Structure formats: C-alpha cells, structure tokens
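A.B. asks: This is upload-v4.tsv, which holds TSV, C-alpha atoms:
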chain	number	residue	atom	x	y	z
E	1	MET	CA	24.62	15.51	51.22
E	2	SER	CA	22.58	12.38	50.68
E	3	SER	CA	20.34	14.15	48.13
E	4	SER	CA	23.34	15.29	46.07
E	5	ALA	CA	24.76	11.78	46.19
E	6	SER	CA	21.53	10.29	44.91
E	7	LYS	CA	21.52	12.81	42.05
E	8	GLU	CA	25.02	11.75	41.09
E	9	LYS	CA	23.93	8.13	41.08
E	10	ARG	CA	21.03	8.96	38.77
E	11	VAL	CA	23.33	10.63	36.29
E	12	THR	CA	26.06	7.99	36.36
E	13	TYR	CA	23.69	4.99	36.47
E	14	VAL	CA	24.56	2.47	33.74
E	15	PRO	CA	21.95	-0.22	32.99
E	16	ASP	CA	23.01	-3.82	32.74
E	17	ALA	CA	22.82	-5.70	29.44
E	18	ALA	CA	19.76	-7.67	30.55
E	19	THR	CA	17.74	-4.48	31.11
E	20	VAL	CA	18.61	-3.16	27.66
E	21	GLN	CA	17.85	-6.52	26.04
E	22	LEU	CA	14.44	-6.74	27.71
E	23	ALA	CA	13.57	-3.23	26.51
E	24	VAL	CA	14.66	-4.03	22.95
E	25	ASP	CA	12.73	-7.31	22.92
E	26	ALA	CA	9.59	-5.57	24.24
E	27	GLN	CA	9.77	-2.93	21.52
E	28	ARG	CA	10.39	-5.59	18.88
E	29	SER	CA	7.26	-7.43	20.02
E	30	LYS	CA	5.22	-4.22	19.73
E	31	LEU	CA	6.38	-3.69	16.16
E	32	LEU	CA	5.62	-7.30	15.24
E	33	ASP	CA	2.15	-6.98	16.76
E	34	SER	CA	1.55	-3.84	14.67
E	35	GLY	CA	2.16	-5.87	11.50
E	36	MET	CA	5.87	-5.29	10.91
E	37	SER	CA	7.31	-8.26	9.00
E	38	ARG	CA	9.29	-9.02	5.88
E	39	PHE	CA	6.18	-10.22	4.03
E	40	SER	CA	3.94	-7.30	5.02
E	41	PHE	CA	6.63	-4.80	4.03
E	42	PHE	CA	7.12	-6.59	0.69
E	43	LEU	CA	3.38	-6.72	0.03
E	44	GLY	CA	2.88	-3.07	0.93
E	45	THR	CA	5.81	-1.95	-1.23
E	46	VAL	CA	4.54	-3.92	-4.23
E	47	ASN	CA	1.03	-2.57	-3.70
E	48	PHE	CA	2.10	1.09	-3.72
E	49	GLY	CA	4.62	0.43	-6.50
E	50	VAL	CA	2.02	-1.09	-8.81
E	51	GLY	CA	-0.41	1.74	-8.07
E	52	PHE	CA	2.10	4.48	-8.88
E	53	PHE	CA	3.25	2.60	-11.98
E	54	ILE	CA	-0.30	2.43	-13.33
E	55	MET	CA	-0.81	6.10	-12.45
E	56	GLY	CA	2.21	7.07	-14.55
E	57	ARG	CA	2.11	4.51	-17.35
E	58	ALA	CA	-1.60	3.84	-17.88
E	59	PRO	CA	-3.64	6.45	-15.95
E	60	GLU	CA	-6.79	5.62	-17.95
E	61	HIS	CA	-6.88	2.22	-16.21
E	62	TYR	CA	-6.08	3.35	-12.66
E	63	TRP	CA	-9.76	3.44	-11.69
E	64	ILE	CA	-9.97	-0.34	-12.21
E	65	PHE	CA	-6.98	-0.85	-9.90
E	66	HIS	CA	-8.68	1.39	-7.34
E	67	THR	CA	-11.99	-0.48	-7.59
E	68	ILE	CA	-10.47	-3.93	-7.14
E	69	GLN	CA	-8.26	-2.87	-4.25
E	70	ALA	CA	-11.07	-0.95	-2.56
E	71	CYS	CA	-13.27	-4.05	-2.54
E	72	PHE	CA	-10.58	-6.10	-0.79
E	73	LEU	CA	-9.72	-3.30	1.64
E	74	ALA	CA	-13.38	-2.74	2.51
E	75	VAL	CA	-13.75	-6.37	3.56
E	76	GLY	CA	-10.40	-6.34	5.38
E	77	ARG	CA	-11.21	-3.09	7.19
E	78	PHE	CA	-14.58	-4.43	8.34
E	79	VAL	CA	-13.04	-7.63	9.68
E	80	ARG	CA	-10.20	-5.77	11.40
E	81	GLY	CA	-12.62	-3.16	12.73
E	82	PHE	CA	-14.66	-5.95	14.32
E	83	LYS	CA	-11.50	-7.39	15.87
E	84	LEU	CA	-10.22	-4.04	17.17
E	85	LYS	CA	-13.71	-2.89	18.19
E	86	ASN	CA	-13.64	0.31	16.13
E	87	LEU	CA	-16.40	-0.37	13.61
E	88	LEU	CA	-18.06	2.89	14.68
E	89	CYS	CA	-15.20	4.70	12.92
E	90	LEU	CA	-16.83	3.61	9.66
E	91	LEU	CA	-19.57	6.17	10.35
E	92	ASP	CA	-17.04	8.95	9.69
E	93	PHE	CA	-17.53	10.98	6.51
E	94	CYS	CA	-14.36	9.67	4.83
E	95	TRP	CA	-15.66	6.10	4.94
E	96	ILE	CA	-19.16	7.12	3.84
E	97	ALA	CA	-17.66	9.11	0.94
E	98	ASN	CA	-15.49	6.13	0.02
E	99	ALA	CA	-18.55	3.91	-0.06
E	100	VAL	CA	-20.10	6.34	-2.56
E	101	VAL	CA	-16.87	6.48	-4.61
E	102	LEU	CA	-16.62	2.68	-4.64
E	103	ALA	CA	-20.27	2.33	-5.67
E	104	TYR	CA	-19.63	4.78	-8.52
E	105	CYS	CA	-16.52	2.90	-9.70
E	106	VAL	CA	-18.30	-0.46	-9.49
E	107	THR	CA	-21.15	0.83	-11.65
E	108	LEU	CA	-18.59	2.08	-14.19
E	109	LEU	CA	-17.04	-1.37	-14.19
E	110	VAL	CA	-20.44	-3.02	-14.68
E	111	ASP	CA	-21.26	-0.61	-17.52
E	112	THR	CA	-17.91	-1.43	-19.13
E	113	LEU	CA	-18.75	-5.13	-19.09
E	114	THR	CA	-22.30	-4.52	-20.38
E	115	PRO	CA	-22.05	-1.52	-22.77
E	116	SER	CA	-25.29	-2.34	-24.58
E	117	SER	CA	-27.38	-1.93	-21.42
E	118	PRO	CA	-25.83	0.72	-19.13
E	119	TYR	CA	-26.64	0.32	-15.46
E	120	ILE	CA	-27.00	4.07	-14.84
E	121	PRO	CA	-28.68	6.54	-17.23
E	122	HIS	CA	-26.24	8.81	-19.05
E	123	ASN	CA	-27.27	12.10	-17.42
E	124	ILE	CA	-26.98	10.59	-13.94
E	125	GLN	CA	-23.55	9.21	-14.87
E	126	VAL	CA	-22.34	12.73	-15.63
E	127	GLU	CA	-23.66	14.15	-12.34
E	128	ALA	CA	-22.22	11.17	-10.47
E	129	PHE	CA	-18.81	11.93	-11.95
E	130	TYR	CA	-18.91	15.48	-10.60
E	131	MET	CA	-19.95	14.19	-7.18
E	132	PHE	CA	-17.07	11.72	-7.29
E	133	PHE	CA	-14.59	14.43	-8.32
E	134	ALA	CA	-15.71	16.86	-5.60
E	135	LEU	CA	-15.41	14.23	-2.88
E	136	ALA	CA	-12.12	12.78	-4.15
E	137	ALA	CA	-10.28	16.05	-4.81
E	138	GLY	CA	-12.01	17.77	-1.89
E	139	PRO	CA	-12.45	16.27	1.60
E	140	LEU	CA	-10.80	12.93	0.83
E	141	GLY	CA	-7.73	14.36	-0.88
E	142	TRP	CA	-7.14	17.08	1.69
E	143	SER	CA	-7.53	14.53	4.50
E	144	VAL	CA	-4.15	13.07	3.53
E	145	TRP	CA	-2.69	16.22	5.08
E	146	PHE	CA	-5.36	16.94	7.71
E	147	THR	CA	-5.23	13.46	9.26
E	148	GLY	CA	-1.47	12.97	8.89
E	149	ASN	CA	-1.62	9.96	6.57
E	150	ALA	CA	1.75	8.24	6.18
E	151	LEU	CA	3.23	6.06	3.45
E	152	VAL	CA	3.90	3.09	5.73
E	153	PHE	CA	4.29	-0.13	3.78
E	154	HIS	CA	3.92	-2.77	6.50
E	155	SER	CA	0.80	-1.59	8.34
E	156	ILE	CA	-2.62	-2.61	7.03
E	157	ASP	CA	-4.30	0.05	9.20
E	158	GLN	CA	-2.15	2.90	7.89
E	159	THR	CA	-2.35	1.51	4.35
E	160	ALA	CA	-6.14	1.48	4.55
E	161	SER	CA	-6.23	5.03	5.94
E	162	MET	CA	-3.82	6.23	3.26
E	163	PHE	CA	-5.77	4.43	0.53
E	164	ILE	CA	-9.24	5.77	1.34
E	165	HIS	CA	-7.92	9.34	1.12
E	166	SER	CA	-5.28	9.23	-1.61
E	167	SER	CA	-6.52	6.64	-4.11
E	168	PRO	CA	-9.84	8.39	-4.92
E	169	MET	CA	-7.83	11.61	-5.32
E	170	ILE	CA	-5.47	9.92	-7.78
E	171	THR	CA	-8.39	8.33	-9.64
E	172	ALA	CA	-10.06	11.73	-10.07
E	173	TRP	CA	-6.82	13.23	-11.39
E	174	CYS	CA	-6.28	10.36	-13.84
E	175	ILE	CA	-9.79	10.54	-15.32
E	176	ARG	CA	-9.96	14.34	-15.42
E	177	TRP	CA	-6.61	15.04	-17.08
E	178	HIS	CA	-6.24	11.86	-19.11
E	179	GLY	CA	-9.85	11.90	-20.23
E	180	ALA	CA	-9.07	11.38	-23.92
E	181	ARG	CA	-7.27	8.11	-23.18
E	182	PHE	CA	-9.94	7.11	-20.68
E	183	PHE	CA	-12.83	7.64	-23.07
E	184	GLU	CA	-10.91	6.03	-25.92
E	185	SER	CA	-10.44	2.92	-23.81
E	186	TYR	CA	-14.00	2.98	-22.45
E	187	PRO	CA	-16.15	4.67	-25.13
E	188	SER	CA	-19.41	3.65	-23.46
E	189	LEU	CA	-18.59	5.69	-20.37
E	190	LEU	CA	-19.06	9.44	-19.97
E	191	PRO	CA	-18.36	11.12	-23.35
E	192	LEU	CA	-15.59	13.66	-22.87
E	193	LYS	CA	-17.49	16.71	-24.11
E	194	ASP	CA	-20.31	16.13	-21.62
E	195	ILE	CA	-17.81	16.45	-18.79
E	196	ILE	CA	-15.68	19.32	-20.08
E	197	ASP	CA	-18.26	21.51	-21.83
E	198	THR	CA	-20.93	21.59	-19.15
E	199	LYS	CA	-21.70	25.03	-17.70
E	200	SER	CA	-23.01	23.79	-14.33
E	201	HIS	CA	-19.67	23.45	-12.54
E	202	VAL	CA	-20.77	25.33	-9.43
E	203	GLN	CA	-23.98	23.37	-9.04
E	204	SER	CA	-22.46	19.99	-9.89
E	205	LEU	CA	-19.11	20.37	-8.11
E	206	TYR	CA	-20.29	22.15	-4.98
E	207	VAL	CA	-24.06	22.40	-4.45
E	208	HIS	CA	-24.87	18.72	-4.96
E	209	PRO	CA	-21.84	17.44	-2.99
E	210	ALA	CA	-22.63	19.92	-0.20
E	211	ILE	CA	-26.20	18.61	0.00
E	212	PHE	CA	-24.82	15.08	0.21
E	213	TYR	CA	-22.41	16.18	2.95
E	214	PHE	CA	-25.12	17.71	5.14
E	215	LEU	CA	-27.36	14.69	4.64
E	216	TRP	CA	-24.57	12.86	6.46
E	217	TRP	CA	-23.54	15.67	8.84
E	218	VAL	CA	-26.92	16.40	10.45
E	219	PRO	CA	-27.78	12.87	11.69
E	220	PHE	CA	-24.14	12.12	12.52
E	221	SER	CA	-23.85	15.33	14.56
E	222	LEU	CA	-27.03	14.59	16.48
E	223	TRP	CA	-25.75	11.09	17.25
E	224	MET	CA	-22.34	12.41	18.31
E	225	LEU	CA	-23.72	15.17	20.53
E	226	PHE	CA	-26.23	13.04	22.38
E	227	HIS	CA	-24.59	9.62	22.38
E	228	GLY	CA	-21.38	9.17	20.40
E	229	ARG	CA	-19.29	11.57	22.51
E	230	HIS	CA	-19.82	9.35	25.55
E	231	ILE	CA	-18.31	6.29	23.87
E	232	ARG	CA	-14.85	6.15	25.41
E	233	LYS	CA	-12.70	3.70	27.30
E	234	PRO	CA	-12.82	2.19	29.85
E	235	LYS	CA	-16.61	2.44	30.12
E	236	TRP	CA	-17.11	1.41	26.48
E	237	SER	CA	-15.20	-1.28	24.62
E	238	GLN	CA	-15.86	0.36	21.24
E	239	HIS	CA	-13.96	3.22	19.61
E	240	THR	CA	-15.14	6.16	17.53
E	241	THR	CA	-13.04	8.48	15.42
E	242	TRP	CA	-13.59	11.16	18.06
E	243	SER	CA	-12.43	8.95	20.93
E	244	LEU	CA	-9.33	7.89	18.99
E	245	LEU	CA	-8.50	11.53	18.20
E	246	CYS	CA	-8.87	12.43	21.86
E	247	GLU	CA	-6.61	9.57	22.96
E	248	SER	CA	-3.88	9.99	20.36
E	249	SER	CA	-3.84	13.73	19.63
E	250	LYS	CA	-5.71	15.22	22.62
E	251	VAL	CA	-8.02	17.08	20.21
E	252	ASP	CA	-10.57	17.71	22.96
E	253	LYS	CA	-7.95	19.34	25.21
E	254	ILE	CA	-6.65	21.47	22.32
E	255	LEU	CA	-10.14	22.73	21.44
E	256	GLN	CA	-11.01	23.42	25.06
E	257	LYS	CA	-7.80	25.40	25.57
E	258	THR	CA	-8.17	27.29	22.27
E	259	PHE	CA	-11.79	28.35	22.81
E	260	GLY	CA	-11.68	28.56	26.61
E	261	ILE	CA	-14.46	26.04	27.22
E	262	LYS	CA	-14.90	23.09	29.56
E	263	SER	CA	-18.17	21.59	28.33
E	264	ASP	CA	-17.73	18.28	26.51
E	265	PHE	CA	-20.92	19.02	24.52
E	266	MET	CA	-19.54	22.34	23.25
E	267	THR	CA	-16.16	20.76	22.47
E	268	VAL	CA	-17.75	18.15	20.21
E	269	LEU	CA	-20.01	20.80	18.63
E	270	ILE	CA	-16.99	22.97	17.76
E	271	TYR	CA	-15.26	19.92	16.28
E	272	LEU	CA	-18.32	19.11	14.12
E	273	VAL	CA	-18.75	22.72	12.96
E	274	THR	CA	-15.04	22.94	12.11
E	275	HIS	CA	-15.36	19.70	10.16
E	276	ALA	CA	-18.30	21.12	8.19
E	277	VAL	CA	-16.59	24.44	7.45
E	278	LEU	CA	-13.33	22.86	6.24
E	279	SER	CA	-15.11	20.17	4.22
E	280	ASN	CA	-17.27	22.69	2.40
E	281	LEU	CA	-14.32	25.00	1.83
E	282	VAL	CA	-12.23	22.31	0.12
E	283	MET	CA	-15.27	21.17	-1.89
E	284	ALA	CA	-15.67	24.72	-3.16
E	285	LEU	CA	-11.97	24.70	-4.17
E	286	THR	CA	-12.58	21.70	-6.43
E	287	ILE	CA	-14.30	24.06	-8.90
E	288	PHE	CA	-10.92	25.71	-9.46
E	289	LEU	CA	-9.02	22.40	-9.43
E	290	PHE	CA	-11.37	20.98	-12.03
E	291	GLN	CA	-10.57	23.80	-14.43
E	292	ASN	CA	-6.80	24.10	-13.87
E	293	TYR	CA	-4.43	21.23	-14.66
E	294	TYR	CA	-1.41	22.72	-12.91
E	295	ALA	CA	-3.30	23.54	-9.71
E	296	HIS	CA	-4.89	20.09	-9.55
E	297	THR	CA	-1.58	18.35	-10.29
E	298	ALA	CA	0.26	20.44	-7.69
E	299	HIS	CA	-2.43	19.66	-5.11
E	300	THR	CA	-2.22	15.91	-5.81
E	301	ILE	CA	1.59	15.88	-5.65
E	302	LEU	CA	1.62	17.98	-2.46
E	303	MET	CA	-0.75	15.60	-0.69
E	304	LEU	CA	1.34	12.59	-1.72
E	305	LEU	CA	4.55	14.31	-0.59
E	306	CYS	CA	2.94	14.95	2.81
E	307	ALA	CA	2.28	11.21	3.09
E	308	VAL	CA	5.88	10.40	2.09
E	309	LEU	CA	7.23	12.85	4.68
E	310	ASN	CA	4.98	11.41	7.38
E	311	GLY	CA	6.04	7.91	6.36
E	312	ALA	CA	9.70	8.85	6.69
E	313	ALA	CA	9.01	10.22	10.17
E	314	SER	CA	7.17	7.01	11.08
E	315	TYR	CA	10.05	4.76	10.03
E	316	ASN	CA	12.53	7.01	11.79
E	317	TYR	CA	10.48	6.46	14.93
E	318	PHE	CA	10.11	2.69	14.35
E	319	LEU	CA	13.80	2.06	13.65
E	320	VAL	CA	15.51	4.66	15.84
E	321	GLU	CA	13.42	6.63	18.30
E	322	SER	CA	11.20	3.80	19.55
E	323	TYR	CA	14.17	1.72	20.70
E	324	ALA	CA	15.88	4.71	22.29
E	325	ARG	CA	12.70	5.56	24.19
E	326	ALA	CA	12.15	1.95	25.21
E	327	VAL	CA	15.69	1.69	26.61
E	328	LYS	CA	15.36	5.07	28.35
E	329	LYS	CA	12.07	3.99	29.93
E	330	ALA	CA	13.66	0.73	31.10
E	331	ILE	CA	16.58	2.67	32.63
E	332	VAL	CA	14.22	4.99	34.51
E	333	GLU	CA	12.17	2.06	35.82
E	334	LYS	CA	15.28	0.12	36.83
E	335	GLN	CA	16.73	3.19	38.50
E	336	ALA	CA	13.50	3.79	40.41
E	337	GLN	CA	13.56	0.20	41.64
E	338	SER	CA	17.20	0.39	42.75
E	339	GLU	CA	16.88	3.65	44.72
E	340	PRO	CA	14.81	2.25	47.63
E	341	LYS	CA	17.33	-0.57	48.06
E	342	GLN	CA	20.22	1.90	48.16
E	343	GLU	CA	18.41	4.06	50.72
E	344	LYS	CA	17.83	1.03	52.98
E	345	GLN	CA	21.50	0.11	52.78
E	346	THR	CA	22.56	3.65	53.78
Could you write out this file's structure as structure tokens?

C.D. replies:
Amino acid sequence: MSSSASKEKRVTYVPDAATVQLAVDAQRSKLLDSGMSRFSFFLGTVNFGVGFFIMGRAPEHYWIFHTIQACFLAVGRFVRGFKLKNLLCLLDFCWIANAVVLAYCVTLLVDTLTPSSPYIPHNIQVEAFYMFFALAAGPLGWSVWFTGNALVFHSIDQTASMFIHSSPMITAWCIRWHGARFFESYPSLLPLKDIIDTKSHVQSLYVHPAIFYFLWWVPFSLWMLFHGRHIRKPKWSQHTTWSLLCESSKVDKILQKTFGIKSDFMTVLIYLVTHAVLSNLVMALTIFLFQNYYAHTAHTILMLLCAVLNGAASYNYFLVESYARAVKKAIVEKQAQSEPKQEKQT
C-alpha cells in the first residue's frame, strides 16, 4: 500500500516555482558560459553571411576571405585550446591539413602582392593546387558530415570546427569552377590551362596527397597507440580528439561492441585504420569531383546542408530541449529529496 502511494506521489508531484526558476537560471548560465550572447550571435551571423555572399557574388575572391579569417581563427583556436587544455587536438589530421591549406593560400597572397618575383616556382604551384584540392574536397569537406559540424552562429568553438572543414571545401569549389574569373583577377597565379589540361590527375589528386596523409598517419598512430590513448581525465588535464570522442560520443564503446573486443589498444588501432581507409577513399573520389561540375557542386551543397540541419538541431536543443531537461532534472532531484522526509513522517 505504501509503495503504491509513493508511486502516486511521484506522478502527481508538482515542483514549486523556485525549483523551476533555479533550473532555468542554471541552464541560462551554461548557455552564457558557452558563448551565447547577442554580440556573439550577431558576429557569427555576419561572418557566415559575408562568406556566403562572397561565394555567390565574387567567388574568385573567396580565397582571400578564407586566408584572412583562417589567420585570425588559428590564433584564436590556439589561445582557446591553451585555456581549455585541448591543444593536443591540433595534432589531428584536419588541423594539420588546414595548416597546409593556409600555408598554400598565404603563398598565393604573397605571390599576388609580388607578381614579378613569385615565392613558389610555377610547377610546384600547380602540384600544390592539386594537393590543396584533394585535401579540401576530400577529408576536410567530408568531415563536415562525419564529425557532425553545425552552423551555430554564437559559438567560437563550433564556428572554428565548421570553418576548418567547410571553408577550404568552398575555396576549392570557387577556384576550380570559377577559374576563368580567378585567373583573370590574378593572372600571375596558376594559368588555367596548366590546371585543366594536365594528364596527371590520379598522381596529383591521389598519390601525392596519400603520401602526405601517411607521413602524418604513421607517427601519429604510433604516438596514439603507445601514449596518446592514455591521455584521459581525471588522470590527465589535457584532452585529445580521441578522448573527446570517447566522452561525448562513446566511440570506444561503439567500436568495442561492433568488433567484439575489449582491448583499448585494439580499439584505438581500429579507429586509426578506419580513419585511414575513409580518408583515402574520399581523396580518391576527388579525382571524379575535379572533373565533374555537377558532382562537385552537389557534394559541396550537401555538406553545407548537413551543417545547416545540425545547426537547426542544436538551436532546438538550446532553446527548447535544454530547458525542458533542466527542469525535469530539477524535479527528479527535488522529488528524491522530499521522499525521505515523507517516509519519516509516515
């Protein structure tokens, strides 16, 4: 009888206004700490708006917008990474590839300012463009979907993650399919026929980028297998991409359940091998994307739509679900606190 009565009390329990208000205030503080504010939302909206405007109105100049923004974001990400103790995440391939892409864009900018004395020899410029295209339309572009990037305007962390994957992809699309306008505006850079008429697409778009990838993958894998996989809280104060994936998405548990393994070493090895297989697969696909306007455009739009959809889900959570969950959690906690008192009274 007493058990059924307590169940009825759980169902009919109505929290007081103070409990609800405390839950709402706590959730509001979390959102503010994550960067949610009028100014950050305004700045993020303007940033994405300007980028998409340049992409549509003046695609030949988008690479300059990308270069300038990447320089600021690189500094900001380093400072924030030091504060949040996740600088080791910068060892991930996406950040290494972005460093290469940024270096390439900076050299293009330098060559634009000094056309009489190019910084990089012409033949190396051409090969560097193919490397840039394979990385931007390959692993970086597909990571918008793979990593669940979201178009979230107020968060510098999500903006940086979105930028490092999507902006190089957009830059590659702008230069590849608006090449005539690009080379007309910057005649000292990469003559159009040298890019389009070359017969070494397979070697330039896959072999060379794959070599670059494994020059990163081998030492990174050795470090991860013998040291990096142990870097987790609470023993370590630092984060790695692997530790963050395990905390947020339970990737280690998913892999262990899928492959029926328990060894942490084997789990990380499977993750690294999967990373290598998928990265090389999407790099191979860039050969087709490079030659087909409709396929490359559809791929770029699809990745951006994934980010928009994820952004919509994020704001639905921020504005609706997070408050509902916070209030529900407060009700459960309050109810748990009130039950012992009721039992003592009975």

A.B. asks: Could the residues of stretch 199-245 of chain E that have an atom at most 12 Å from stretch 146-152 of chain E be listed as JSON lines, each with its closest atom pair and the distance in Å to one decimal, counting all atoms listed in the file and ordered by chain and ascending residue number?

C.D. replies:
{"residue": "E:Thr241", "atom": "CA", "partner": "E:Thr147", "partner_atom": "CA", "distance": 11.1}
{"residue": "E:Leu244", "atom": "CA", "partner": "E:Thr147", "partner_atom": "CA", "distance": 11.9}
{"residue": "E:Leu245", "atom": "CA", "partner": "E:Thr147", "partner_atom": "CA", "distance": 9.7}

A.B. asks: For the point (-12.3, -2.4, 12.4) in file coordinates, what residues are within 12 Å, counting only C-alpha atoms? Give the answer as an mmCIF file with C-alpha atoms, in the coordinates of the input?

C.D. replies:
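Produced file out.cif, reproduced below:
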data_model
loop_
_atom_site.group_PDB
_atom_site.id
_atom_site.type_symbol
_atom_site.label_atom_id
_atom_site.label_comp_id
_atom_site.auth_asym_id
_atom_site.auth_seq_id
_atom_site.Cartn_x
_atom_site.Cartn_y
_atom_site.Cartn_z
ATOM 1 C CA LEU E 73 -9.720 -3.300 1.640
ATOM 2 C CA ALA E 74 -13.380 -2.740 2.510
ATOM 3 C CA VAL E 75 -13.750 -6.370 3.560
ATOM 4 C CA GLY E 76 -10.400 -6.340 5.380
ATOM 5 C CA ARG E 77 -11.210 -3.090 7.190
ATOM 6 C CA PHE E 78 -14.580 -4.430 8.340
ATOM 7 C CA VAL E 79 -13.040 -7.630 9.680
ATOM 8 C CA ARG E 80 -10.200 -5.770 11.400
ATOM 9 C CA GLY E 81 -12.620 -3.160 12.730
ATOM 10 C CA PHE E 82 -14.660 -5.950 14.320
ATOM 11 C CA LYS E 83 -11.500 -7.390 15.870
ATOM 12 C CA LEU E 84 -10.220 -4.040 17.170
ATOM 13 C CA LYS E 85 -13.710 -2.890 18.190
ATOM 14 C CA ASN E 86 -13.640 0.310 16.130
ATOM 15 C CA LEU E 87 -16.400 -0.370 13.610
ATOM 16 C CA LEU E 88 -18.060 2.890 14.680
ATOM 17 C CA CYS E 89 -15.200 4.700 12.920
ATOM 18 C CA LEU E 90 -16.830 3.610 9.660
ATOM 19 C CA LEU E 91 -19.570 6.170 10.350
ATOM 20 C CA TRP E 95 -15.660 6.100 4.940
ATOM 21 C CA ILE E 156 -2.620 -2.610 7.030
ATOM 22 C CA ASP E 157 -4.300 0.050 9.200
ATOM 23 C CA ALA E 160 -6.140 1.480 4.550
ATOM 24 C CA SER E 161 -6.230 5.030 5.940
ATOM 25 C CA GLN E 238 -15.860 0.360 21.240
ATOM 26 C CA HIS E 239 -13.960 3.220 19.610
ATOM 27 C CA THR E 240 -15.140 6.160 17.530
ATOM 28 C CA THR E 241 -13.040 8.480 15.420
#

A.B. asks: Atom CA of E:Ile96 and atom CA of E:Leu113, how far apart in Å?

C.D. replies: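 Straight-line distance from atom CA of E:Leu113 to atom CA of E:Ile96 works out to 26.0 Å.
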
A.B. asks: Within 9 Å of stretch 281-283 of chain E, counting all atoms listed in the file, which residues qualify if same-chain residues fewer than 6 places away don't, as a PyMOL selection string?

C.D. replies: chain E and resi 134-135+137-139+142+205-206+209-210

A.B. asks: Calculate how many Å separate atom CA of E:Gly141 from atom CA of E:Ser166, rounding to one decimal.

C.D. replies: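 Going from atom CA of E:Gly141 over to atom CA of E:Ser166 covers 5.7 Å.
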
A.B. asks: Enter the distance from atom CA of E:Ile175 to atom CA of E:Glu60, in Å, rounded to one decimal.

C.D. replies: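 Atom CA of E:Glu60 lies at a distance of 6.3 Å from atom CA of E:Ile175.
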
A.B. asks: Using only C-alpha atoms, which residue out of E:Ile301, E:Ala313, E:Met162, E:Leu319 lies closest to E:Gly44?

C.D. replies: E:Met162

A.B. asks: Ranking E:Val106, E:Leu31, E:Ile270, E:Cys246 by minimum distance to E:Tyr315 and counting all atoms listed in the file, which one comes first?

C.D. replies: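 The answer is E:Leu31, which sits nearest to E:Tyr315.
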
A.B. asks: Once you count all atoms listed in the file, which residues end up no further than 12 Å from (-1.0, 8.4, -0.5) in the file's frame, shown as a PyMOL selection string?

C.D. replies: chain E and resi 47-49+51-52+140-145+147-153+158-171+300-311

A.B. asks: If we count only C-alpha atoms and set the cut-off at 12 Å, which residues sit around E:His275, ignoring sequence neighbours fewer than 2 positions away in its own chain? Please answer as a ChimeraX atom specification.

C.D. replies: /E:92-94,139,143,146-147,213-214,217,220-221,242,268-273,277-282

A.B. asks: Using only C-alpha atoms, can you tell me which of E:Leu289, E:Ala136, E:Leu189, E:Cys174 comes closest to E:His201?

C.D. replies: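 Using only C-alpha atoms, E:His201 sits closest to E:Leu289.
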
A.B. asks: Go through E:Met55, E:Leu108, E:Ile124, E:Ala70 one by one, measure the shortest atom-to-atom distance of each to E:Trp177 using all atoms listed in the file, and give the residue with the smallest value.

C.D. replies: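 Nearest candidate to E:Trp177 out of E:Met55, E:Leu108, E:Ile124, E:Ala70: E:Met55.
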
A.B. asks: Nearest residue to E:Thr67 out of E:Leu43, E:Ala103, E:Met131, E:Ala276, using only C-alpha atoms?

C.D. replies: E:Ala103

A.B. asks: E:Ile64, E:Ala326, E:Val332, E:Leu102: which is nearest E:Asp25, counting only C-alpha atoms?

C.D. replies: E:Ala326

A.B. asks: Might I get the box with edges along x, y and z of the file that holds all atoms of stretch 319-332 of chain E listed there, padded by 6 Å on every side, given as centre and edge lengths in Å to one decimal, as JSON?

C.D. replies:
{"center_x": 13.9, "center_y": 3.7, "center_z": 24.1, "size_x": 17.4, "size_y": 17.9, "size_z": 32.9}

A.B. asks: What would stretch 55-67 of chain E look like if you wrote it out as a PDB file, in the first residue's frame, with N, CA and C atoms included, from the block I just posted?

C.D. replies:
ATOM      1  N   MET E  55      31.005  34.033 -51.755  1.00  0.00           N
ATOM      2  CA  MET E  55      30.946  32.781 -52.513  1.00  0.00           C
ATOM      3  C   MET E  55      30.016  32.905 -53.714  1.00  0.00           C
ATOM      4  N   GLY E  56      28.878  33.582 -53.533  1.00  0.00           N
ATOM      5  CA  GLY E  56      27.919  33.703 -54.624  1.00  0.00           C
ATOM      6  C   GLY E  56      28.189  34.854 -55.561  1.00  0.00           C
ATOM      7  N   ARG E  57      28.645  35.983 -55.013  1.00  0.00           N
ATOM      8  CA  ARG E  57      28.806  37.198 -55.821  1.00  0.00           C
ATOM      9  C   ARG E  57      30.193  37.328 -56.440  1.00  0.00           C
ATOM     10  N   ALA E  58      31.225  36.964 -55.697  1.00  0.00           N
ATOM     11  CA  ALA E  58      32.598  37.128 -56.192  1.00  0.00           C
ATOM     12  C   ALA E  58      33.442  35.913 -55.792  1.00  0.00           C
ATOM     13  N   PRO E  59      33.126  34.731 -56.317  1.00  0.00           N
ATOM     14  CA  PRO E  59      33.829  33.511 -55.902  1.00  0.00           C
ATOM     15  C   PRO E  59      35.330  33.540 -56.168  1.00  0.00           C
ATOM     16  N   GLU E  60      35.775  34.353 -57.144  1.00  0.00           N
ATOM     17  CA  GLU E  60      37.205  34.428 -57.444  1.00  0.00           C
ATOM     18  C   GLU E  60      38.004  35.050 -56.305  1.00  0.00           C
ATOM     19  N   HIS E  61      37.303  35.758 -55.396  1.00  0.00           N
ATOM     20  CA  HIS E  61      37.991  36.412 -54.280  1.00  0.00           C
ATOM     21  C   HIS E  61      37.770  35.687 -52.954  1.00  0.00           C
ATOM     22  N   TYR E  62      37.035  34.595 -52.953  1.00  0.00           N
ATOM     23  CA  TYR E  62      36.725  33.926 -51.684  1.00  0.00           C
ATOM     24  C   TYR E  62      37.988  33.448 -50.978  1.00  0.00           C
ATOM     25  N   TRP E  63      38.987  33.039 -51.730  1.00  0.00           N
ATOM     26  CA  TRP E  63      40.201  32.507 -51.118  1.00  0.00           C
ATOM     27  C   TRP E  63      40.900  33.551 -50.237  1.00  0.00           C
ATOM     28  N   ILE E  64      40.758  34.835 -50.575  1.00  0.00           N
ATOM     29  CA  ILE E  64      41.345  35.888 -49.742  1.00  0.00           C
ATOM     30  C   ILE E  64      40.576  35.981 -48.420  1.00  0.00           C
ATOM     31  N   PHE E  65      39.243  35.917 -48.497  1.00  0.00           N
ATOM     32  CA  PHE E  65      38.418  35.910 -47.291  1.00  0.00           C
ATOM     33  C   PHE E  65      38.799  34.733 -46.401  1.00  0.00           C
ATOM     34  N   HIS E  66      38.984  33.567 -47.022  1.00  0.00           N
ATOM     35  CA  HIS E  66      39.368  32.374 -46.258  1.00  0.00           C
ATOM     36  C   HIS E  66      40.722  32.570 -45.590  1.00  0.00           C
ATOM     37  N   THR E  67      41.693  33.111 -46.307  1.00  0.00           N
ATOM     38  CA  THR E  67      43.042  33.272 -45.775  1.00  0.00           C
ATOM     39  C   THR E  67      43.064  34.207 -44.575  1.00  0.00           C
TER      40      THR E  67
END
